[in-house]
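A.B. asks: Have a peek at data25.cif (mmCIF, C-alpha atoms).
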data_input
loop_
_atom_site.label_atom_id
_atom_site.label_comp_id
_atom_site.auth_asym_id
_atom_site.auth_seq_id
_atom_site.Cartn_x
_atom_site.Cartn_y
_atom_site.Cartn_z
CA MET A 1 13.56 -24.23 -17.25
CA SER A 2 12.63 -25.72 -20.60
CA LEU A 3 14.78 -25.23 -23.67
CA PHE A 4 12.00 -23.17 -25.25
CA SER A 5 11.82 -20.88 -22.19
CA ARG A 6 15.60 -20.37 -22.28
CA LEU A 7 15.43 -19.54 -25.97
CA VAL A 8 12.69 -16.96 -25.39
CA VAL A 9 14.67 -15.22 -22.62
CA VAL A 10 18.01 -15.24 -24.45
CA THR A 11 16.57 -13.83 -27.67
CA LEU A 12 14.49 -11.04 -26.07
CA PRO A 13 17.07 -8.31 -26.87
CA LEU A 14 16.83 -9.28 -30.53
CA VAL A 15 13.07 -8.93 -30.69
CA PRO A 16 11.97 -5.65 -32.37
CA LYS A 17 10.19 -3.22 -30.04
CA SER A 18 7.17 -3.24 -32.34
CA LEU A 19 6.92 -7.01 -31.97
CA VAL A 20 7.20 -6.80 -28.19
CA GLY A 21 4.49 -4.14 -28.36
CA ARG A 22 2.16 -6.50 -30.21
CA VAL A 23 2.60 -9.05 -27.44
CA ALA A 24 2.49 -6.50 -24.61
CA SER A 25 -0.74 -4.93 -25.87
CA ARG A 26 -2.62 -7.88 -24.46
CA TYR A 27 -1.13 -7.39 -21.00
CA VAL A 28 -0.72 -3.59 -20.83
CA ALA A 29 -3.65 -1.20 -21.28
CA GLY A 30 -1.57 1.41 -23.11
CA GLU A 31 0.66 4.39 -22.50
CA LYS A 32 -1.89 6.95 -21.29
CA ILE A 33 -4.35 7.24 -18.43
CA GLU A 34 -7.20 7.26 -20.98
CA ASP A 35 -6.13 3.80 -22.16
CA ALA A 36 -6.33 2.40 -18.63
CA VAL A 37 -9.64 4.11 -17.95
CA ASP A 38 -11.17 2.70 -21.12
CA MET A 39 -9.98 -0.80 -20.23
CA VAL A 40 -11.38 -0.58 -16.70
CA ARG A 41 -14.71 0.60 -18.02
CA LYS A 42 -14.89 -2.48 -20.26
CA LEU A 43 -13.94 -4.77 -17.37
CA ASN A 44 -16.58 -3.21 -15.13
CA GLU A 45 -19.19 -3.77 -17.83
CA ARG A 46 -18.24 -7.47 -17.82
CA GLY A 47 -18.65 -7.73 -14.05
CA ALA A 48 -14.98 -7.46 -13.02
CA VAL A 49 -13.35 -4.80 -10.86
CA ALA A 50 -9.81 -3.53 -11.36
CA THR A 51 -6.59 -2.24 -9.87
CA MET A 52 -4.65 0.24 -11.99
CA ASP A 53 -0.86 0.47 -11.87
CA VAL A 54 1.37 3.21 -13.28
CA LEU A 55 4.27 1.33 -14.83
CA GLY A 56 7.78 2.01 -13.62
CA GLU A 57 10.19 0.92 -10.90
CA GLU A 58 13.75 1.33 -9.63
CA VAL A 59 13.49 5.12 -9.94
CA SER A 60 16.71 6.94 -9.01
CA GLU A 61 15.57 10.56 -9.50
CA ARG A 62 13.31 12.32 -7.00
CA SER A 63 11.54 14.24 -9.77
CA LYS A 64 10.42 11.03 -11.46
CA ALA A 65 9.10 9.62 -8.19
CA GLU A 66 7.17 12.85 -7.57
CA GLN A 67 5.76 12.72 -11.11
CA ALA A 68 4.48 9.22 -10.40
CA VAL A 69 2.74 10.45 -7.24
CA GLU A 70 1.02 13.21 -9.23
CA GLU A 71 -0.10 10.65 -11.81
CA TYR A 72 -1.71 8.54 -9.08
CA ILE A 73 -3.53 11.59 -7.71
CA ARG A 74 -4.84 12.33 -11.21
CA LEU A 75 -5.85 8.69 -11.49
CA PHE A 76 -7.98 8.86 -8.33
CA ARG A 77 -9.75 11.92 -9.73
CA ARG A 78 -10.54 10.09 -12.96
CA ILE A 79 -11.76 6.97 -11.16
CA ASP A 80 -14.05 9.10 -9.02
CA SER A 81 -15.37 11.35 -11.78
CA LEU A 82 -16.19 8.39 -14.04
CA GLY A 83 -17.60 6.18 -11.29
CA LEU A 84 -15.21 3.32 -12.07
CA ASP A 85 -14.88 0.32 -9.77
CA SER A 86 -11.11 0.32 -9.41
CA ASN A 87 -8.39 0.90 -6.86
CA VAL A 88 -4.66 1.35 -7.48
CA SER A 89 -1.43 -0.58 -7.00
CA ILE A 90 1.93 1.11 -6.44
CA LYS A 91 5.50 -0.14 -6.51
CA PRO A 92 7.62 1.35 -3.71
CA THR A 93 10.68 1.65 -5.95
CA LEU A 94 8.64 3.78 -8.39
CA VAL A 95 7.95 6.33 -5.65
CA GLY A 96 11.48 6.45 -4.29
CA LEU A 97 12.28 3.47 -2.09
CA LYS A 98 15.72 3.01 -3.63
CA ILE A 99 16.40 6.75 -3.17
CA ASP A 100 15.44 7.10 0.49
CA GLU A 101 12.95 5.18 2.64
CA ARG A 102 11.57 8.31 4.35
CA PHE A 103 11.10 10.00 0.98
CA CYS A 104 9.22 6.91 -0.23
CA LEU A 105 7.04 6.86 2.88
CA GLU A 106 6.11 10.51 2.35
CA ASN A 107 5.16 9.77 -1.26
CA VAL A 108 3.08 6.73 -0.31
CA GLU A 109 1.39 8.88 2.34
CA ARG A 110 0.45 11.47 -0.30
CA ILE A 111 -1.14 8.71 -2.36
CA ALA A 112 -2.93 7.27 0.69
CA ALA A 113 -4.26 10.75 1.56
CA ALA A 114 -5.60 11.17 -1.98
CA ALA A 115 -7.17 7.72 -1.80
CA ARG A 116 -8.90 8.68 1.46
CA GLU A 117 -10.20 11.89 -0.11
CA PHE A 118 -11.83 9.86 -2.87
CA GLU A 119 -12.79 6.91 -0.63
CA ASN A 120 -10.47 4.56 -2.47
CA PHE A 121 -7.76 2.01 -1.67
CA VAL A 122 -4.02 1.59 -2.29
CA ARG A 123 -2.24 -1.73 -2.71
CA ILE A 124 1.48 -1.50 -1.94
CA ASP A 125 3.12 -4.06 -4.20
CA MET A 126 5.90 -6.31 -2.97
CA GLU A 127 9.11 -6.33 -5.00
CA ASP A 128 12.26 -8.41 -4.53
CA HIS A 129 13.58 -9.38 -1.09
CA THR A 130 15.78 -6.28 -0.80
CA CYS A 131 12.57 -4.25 -0.50
CA THR A 132 10.53 -6.47 1.81
CA ASP A 133 11.40 -5.08 5.24
CA ALA A 134 11.20 -1.43 4.15
CA THR A 135 7.87 -2.03 2.38
CA LEU A 136 6.39 -3.60 5.50
CA ARG A 137 7.72 -0.76 7.68
CA ILE A 138 5.98 1.77 5.42
CA TYR A 139 2.76 -0.25 5.48
CA ASP A 140 2.89 -0.67 9.27
CA GLU A 141 3.41 3.07 9.81
CA LEU A 142 0.76 4.35 7.41
CA GLN A 143 -2.03 1.79 7.66
CA PRO A 144 -3.07 2.76 11.23
CA ARG A 145 -3.34 6.40 10.11
CA TYR A 146 -5.28 5.89 6.90
CA GLY A 147 -6.87 2.44 7.04
CA ASN A 148 -6.95 2.19 3.23
CA LEU A 149 -3.71 0.36 2.48
CA GLY A 150 -3.05 -3.23 1.58
CA VAL A 151 0.16 -5.16 1.13
CA VAL A 152 1.36 -8.22 -0.81
CA PHE A 153 2.88 -11.49 0.41
CA GLN A 154 4.61 -13.99 -1.85
CA ALA A 155 3.99 -17.67 -1.17
CA TYR A 156 7.46 -18.78 -2.23
CA MET A 157 9.18 -16.76 0.51
CA HIS A 158 10.13 -18.70 3.65
CA ARG A 159 9.05 -15.77 5.83
CA THR A 160 5.48 -15.46 4.52
CA LEU A 161 3.69 -17.48 7.20
CA GLN A 162 5.49 -15.53 9.91
CA ASP A 163 4.70 -12.21 8.21
CA ILE A 164 1.02 -13.13 8.13
CA GLY A 165 1.18 -13.85 11.84
CA ASN A 166 2.60 -10.38 12.45
CA LEU A 167 -0.31 -8.60 10.75
CA PRO A 168 -2.59 -6.39 12.82
CA ARG A 169 -5.76 -8.10 13.96
CA GLU A 170 -7.99 -5.52 12.29
CA GLN A 171 -8.16 -4.03 8.76
CA ALA A 172 -5.45 -6.24 7.29
CA ASN A 173 -5.85 -6.65 3.52
CA VAL A 174 -3.34 -8.90 1.75
CA ARG A 175 -2.80 -9.91 -1.85
CA LEU A 176 -1.32 -13.40 -1.88
CA CYS A 177 0.62 -14.50 -4.97
CA LYS A 178 3.24 -17.13 -5.73
CA GLY A 179 6.02 -14.61 -6.38
CA ILE A 180 7.76 -13.63 -9.60
CA TYR A 181 11.27 -12.47 -8.67
CA ILE A 182 14.28 -14.78 -8.88
CA GLU A 183 15.28 -15.26 -5.23
CA PRO A 184 17.99 -17.42 -3.59
CA ARG A 185 16.97 -20.77 -2.18
CA LYS A 186 18.01 -19.75 1.34
CA ILE A 187 15.02 -17.38 1.49
CA ALA A 188 12.58 -18.80 -1.07
CA TRP A 189 11.07 -22.21 -1.76
CA LYS A 190 12.00 -23.57 -5.17
CA GLY A 191 9.85 -26.67 -5.58
CA TYR A 192 6.76 -26.10 -7.73
CA GLN A 193 4.46 -28.14 -5.50
CA THR A 194 6.15 -26.77 -2.38
CA VAL A 195 5.19 -23.24 -3.40
CA ARG A 196 1.64 -24.37 -4.12
CA GLN A 197 1.40 -25.99 -0.70
CA ASN A 198 2.76 -22.88 1.02
CA PHE A 199 0.28 -20.74 -0.92
CA LEU A 200 -2.69 -22.70 0.44
CA MET A 201 -1.25 -22.79 3.96
CA ALA A 202 -0.73 -19.03 3.83
CA LEU A 203 -4.25 -18.47 2.55
CA GLU A 204 -5.77 -20.59 5.31
CA LYS A 205 -3.76 -18.69 7.92
CA MET A 206 -5.01 -15.40 6.47
CA ILE A 207 -8.59 -16.63 6.55
CA THR A 208 -8.42 -17.83 10.16
CA GLN A 209 -6.90 -14.49 11.22
CA GLY A 210 -9.71 -12.54 9.58
CA VAL A 211 -7.50 -11.01 6.90
CA TYR A 212 -9.22 -9.79 3.73
CA ALA A 213 -7.77 -12.19 1.17
CA ALA A 214 -6.93 -11.05 -2.36
CA ILE A 215 -6.11 -14.37 -4.03
CA ALA A 216 -3.83 -13.62 -6.99
CA THR A 217 -3.24 -16.66 -9.17
CA HIS A 218 -4.04 -18.19 -12.55
CA ASP A 219 -3.11 -21.67 -11.36
CA GLU A 220 -6.25 -23.80 -11.64
CA TYR A 221 -5.06 -26.08 -8.84
CA LEU A 222 -4.68 -23.12 -6.49
CA ILE A 223 -7.97 -21.58 -7.56
CA SER A 224 -9.76 -24.84 -6.82
CA GLY A 225 -7.93 -25.22 -3.50
CA SER A 226 -8.72 -21.63 -2.57
CA VAL A 227 -12.42 -22.10 -3.29
CA GLY A 228 -12.33 -25.18 -1.07
CA LEU A 229 -10.79 -23.21 1.80
CA LEU A 230 -13.29 -20.39 1.39
CA GLU A 231 -16.15 -22.87 1.60
CA LYS A 232 -14.57 -24.78 4.48
CA HIS A 233 -14.29 -21.63 6.58
CA ARG A 234 -17.56 -20.13 5.28
CA VAL A 235 -15.86 -16.90 4.27
CA PRO A 236 -18.42 -14.23 3.25
CA HIS A 237 -18.17 -12.98 -0.32
CA ASP A 238 -17.24 -9.49 0.88
CA ARG A 239 -14.14 -10.80 2.71
CA TYR A 240 -12.15 -12.02 -0.29
CA GLU A 241 -11.57 -11.61 -4.00
CA PHE A 242 -9.65 -13.33 -6.77
CA GLN A 243 -7.13 -11.33 -8.80
CA MET A 244 -5.77 -11.93 -12.28
CA LEU A 245 -3.51 -10.15 -14.75
CA LEU A 246 -4.93 -8.33 -17.74
CA GLY A 247 -4.98 -10.58 -20.78
CA VAL A 248 -4.29 -13.83 -18.92
CA ASP A 249 -6.74 -16.76 -18.95
CA GLU A 250 -9.90 -14.80 -19.60
CA GLU A 251 -11.86 -18.04 -19.64
CA MET A 252 -10.96 -18.71 -16.00
CA ARG A 253 -11.79 -15.11 -15.18
CA GLN A 254 -15.30 -15.65 -16.54
CA ILE A 255 -15.67 -18.98 -14.73
CA LEU A 256 -14.97 -17.27 -11.41
CA LEU A 257 -17.35 -14.41 -12.19
CA ASP A 258 -20.08 -16.84 -13.22
CA GLN A 259 -19.65 -18.64 -9.88
CA GLY A 260 -20.32 -15.38 -8.06
CA HIS A 261 -16.79 -14.59 -6.92
CA ARG A 262 -15.45 -11.05 -6.85
CA LEU A 263 -12.71 -10.81 -9.51
CA ARG A 264 -10.19 -7.97 -9.81
CA VAL A 265 -8.01 -7.48 -12.90
CA TYR A 266 -4.58 -5.85 -12.73
CA VAL A 267 -4.45 -3.08 -15.36
CA PRO A 268 -0.95 -1.60 -15.89
CA TYR A 269 -0.32 1.39 -18.13
CA GLY A 270 2.28 4.03 -18.89
CA PRO A 271 5.15 4.92 -21.23
CA ASP A 272 7.40 2.45 -19.39
CA TRP A 273 5.53 -0.51 -20.90
CA TYR A 274 8.58 -1.72 -22.86
CA PRO A 275 11.11 -1.99 -20.02
CA TYR A 276 8.32 -3.39 -17.83
CA SER A 277 7.57 -6.10 -20.37
CA ILE A 278 11.22 -7.00 -20.96
CA ARG A 279 12.02 -7.10 -17.24
CA ARG A 280 9.05 -9.30 -16.45
CA LEU A 281 9.98 -11.73 -19.21
CA ARG A 282 13.64 -11.87 -18.22
CA GLU A 283 12.93 -12.26 -14.51
CA ASN A 284 10.57 -15.16 -14.90
CA PRO A 285 11.02 -17.65 -17.76
CA GLU A 286 7.59 -19.10 -16.96
CA VAL A 287 6.02 -15.75 -17.83
CA ALA A 288 8.20 -15.52 -20.93
CA LEU A 289 6.90 -18.92 -21.98
CA HIS A 290 3.33 -17.85 -21.27
CA VAL A 291 3.67 -14.70 -23.40
CA ALA A 292 5.33 -16.65 -26.21
CA ARG A 293 2.50 -19.17 -26.17
CA ALA A 294 -0.07 -16.38 -26.27
CA PHE A 295 1.73 -14.74 -29.19
CA LEU A 296 1.75 -18.02 -31.10
CA GLY A 297 -1.96 -18.40 -30.49
CA LEU A 298 -1.60 -21.33 -28.10
CA GLN A 299 -3.62 -21.85 -24.94
CA PRO A 300 -2.30 -20.03 -21.85
CA SER A 301 -0.44 -22.05 -19.25
CA SER A 302 -1.58 -22.09 -15.60
CA SER A 303 1.80 -21.62 -13.94
CA ARG A 304 1.29 -18.40 -12.01
#
Starting from the file, give its structure as C-alpha cells.

C.D. replies:
Amino acid sequence: MSLFSRLVVVTLPLVPKSLVGRVASRYVAGEKIEDAVDMVRKLNERGAVATMDVLGEEVSERSKAEQAVEEYIRLFRRIDSLGLDSNVSIKPTLVGLKIDERFCLENVERIAAAAREFENFVRIDMEDHTCTDATLRIYDELQPRYGNLGVVFQAYMHRTLQDIGNLPREQANVRLCKGIYIEPRKIAWKGYQTVRQNFLMALEKMITQGVYAAIATHDEYLISGSVGLLEKHRVPHDRYEFQMLLGVDEEMRQILLDQGHRLRVYVPYGPDWYPYSIRRLRENPEVALHVARAFLGLQPSSSR
C-alpha cells in the first residue's frame, strides 16, 4: 500500500460527510429509487444496461431485511413500468444472512419470485469469505426453482476454480471480479499479477463450461485478455457481458460499447450511501486511492 493510500484510509473519519458526499455522488446514484431510475435511463440512452443495488449490508434486524425485500419488489415494478434495461444485485447480509440463513433464503426467494413475475434477473453478490458457503447454498437451492439467479466469484480466492467446476451445466450465470474484501493469504492470492492470472484462468474455465460470463473489471490488461479469450473461443455476443461501476473509467466503458460488447453498469442507491462509501474505502486502499484521484481531478487508475 502506498503512503498516499494509507493517508487516505487513516484520515477518512476526519473527512466531513458533505465532502464524502461530493465524492460519492459520482459512484452512487442517490438516496431514492427515483435517483437510480433516472441514472439507468441515461445509461440506457447511451447504449449501456444496468444492475441496480439497494445499499446496505450486515443487517441485524429482521424488519430492516424485510424492508429491503419490499424495496426490491418496488424496484422491479419501476423497471417494468418504465421499460428500463436493468436487473438487480442483492447482498445476502442486507436480506438477513447474518441473522439466519433460512430467513435469508426465504427473502432471496421472495425477490426471485418477483423477478420471475416481471421477467427479470437477480444477481446474488458475494461478500467476504464468512458468507461464501451460505451464499452458494442459497444459490444452489433457488436457481433450479427459478432459473433467474446469478452468483459472483472472486478471482483472488483460492477456491474459485473449484467453485466454477461445481456449477450446474445449464443456466449458470457468473459475475467474475478480482475481489475487494481483505482476506487472509491462506484463502486468497495476494500477488497482483497472480490475481490477474487467476482471473483469466477462471474466465476461460467459465467459457469452456458454457457459463454466461459477466466480466467485471476496469483493469485494461484484463479487459484486453478477456476479449482475446472471447475471440479465441468464438463466444457469441449474447453469452457474455462486461460490467463496470458507476462513475469509473467512462472512457473504457465507451470503448467497449463502440466495439459492440454488451456493457452493464452497477448503479447503487439508498440512504446508506455514507456507510457504504466509507466501508468500501476502508476495506480496499486501492479503491480509496482511486476515489481520491477522481476527487482531485486526476485520471482513474485501472486497478480493479

A.B. asks: So how far away is atom CA of Met201 of chain A from atom CA of Arg169 of chain A, in Å?

C.D. replies: 18.3 Å

A.B. asks: Name the residues that the PyMOL selection byres ((chain A and resi 55) around 12) picks from the file above, as a CSV table (one decimal) with C-alpha atoms, in the coordinates of the input, using the file's chain letters and numbers.

C.D. replies:
chain,number,residue,atom,x,y,z
A,27,TYR,CA,-1.1,-7.4,-21.0
A,28,VAL,CA,-0.7,-3.6,-20.8
A,29,ALA,CA,-3.6,-1.2,-21.3
A,30,GLY,CA,-1.6,1.4,-23.1
A,31,GLU,CA,0.7,4.4,-22.5
A,32,LYS,CA,-1.9,7.0,-21.3
A,33,ILE,CA,-4.4,7.2,-18.4
A,36,ALA,CA,-6.3,2.4,-18.6
A,52,MET,CA,-4.6,0.2,-12.0
A,53,ASP,CA,-0.9,0.5,-11.9
A,54,VAL,CA,1.4,3.2,-13.3
A,56,GLY,CA,7.8,2.0,-13.6
A,57,GLU,CA,10.2,0.9,-10.9
A,58,GLU,CA,13.8,1.3,-9.6
A,59,VAL,CA,13.5,5.1,-9.9
A,64,LYS,CA,10.4,11.0,-11.5
A,65,ALA,CA,9.1,9.6,-8.2
A,68,ALA,CA,4.5,9.2,-10.4
A,69,VAL,CA,2.7,10.4,-7.2
A,71,GLU,CA,-0.1,10.6,-11.8
A,72,TYR,CA,-1.7,8.5,-9.1
A,88,VAL,CA,-4.7,1.4,-7.5
A,89,SER,CA,-1.4,-0.6,-7.0
A,90,ILE,CA,1.9,1.1,-6.4
A,91,LYS,CA,5.5,-0.1,-6.5
A,92,PRO,CA,7.6,1.4,-3.7
A,93,THR,CA,10.7,1.6,-6.0
A,94,LEU,CA,8.6,3.8,-8.4
A,95,VAL,CA,8.0,6.3,-5.6
A,125,ASP,CA,3.1,-4.1,-4.2
A,266,TYR,CA,-4.6,-5.8,-12.7
A,267,VAL,CA,-4.4,-3.1,-15.4
A,268,PRO,CA,-1.0,-1.6,-15.9
A,269,TYR,CA,-0.3,1.4,-18.1
A,270,GLY,CA,2.3,4.0,-18.9
A,271,PRO,CA,5.2,4.9,-21.2
A,272,ASP,CA,7.4,2.4,-19.4
A,273,TRP,CA,5.5,-0.5,-20.9
A,274,TYR,CA,8.6,-1.7,-22.9
A,275,PRO,CA,11.1,-2.0,-20.0
A,276,TYR,CA,8.3,-3.4,-17.8
A,277,SER,CA,7.6,-6.1,-20.4
A,279,ARG,CA,12.0,-7.1,-17.2
A,280,ARG,CA,9.0,-9.3,-16.4

A.B. asks: Counting only C-alpha atoms, figure out which residue out of A:Phe103, A:Phe118, A:Tyr146, A:Phe153 gets nearest to Asp133 of chain A.

C.D. replies: A:Phe153

A.B. asks: What's the separation between atom CA of Arg62 of chain A and atom CA of Cys131 of chain A, in Å to one decimal place?

C.D. replies: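 A separation of 17.8 Å between them.
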
A.B. asks: Pick from A:Val195, A:Leu43, A:Met206, A:Ser81: nearest to Ala172 of chain A, with all atoms listed in the file counted?

C.D. replies: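 Using all atoms listed in the file, Ala172 of chain A sits closest to A:Met206.
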
A.B. asks: So what do you get for atom CA of Ser86 of chain A versus atom CA of Gln67 of chain A, distance-wise?

C.D. replies: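 Here the two named atoms are 21.0 Å from each other.
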
A.B. asks: Tell me which residues the PyMOL selection byres ((chain A and resi 244) around 6) grabs here, as number ranges by chain.

C.D. replies: A: 216, 243, 245, 265

A.B. asks: Which residues, named as in the file, does the PyMOL selection byres ((chain A and resi 180-184) around 8) pick out? Answer as a PyMOL selection string.

C.D. replies: chain A and resi 127-129+178-179+185-188+283-284

A.B. asks: Of the residues A:Ile111, A:Ile99, A:Leu75, A:Val174, which is the one nearest to Leu136 of chain A, using only C-alpha atoms?

C.D. replies: A:Val174
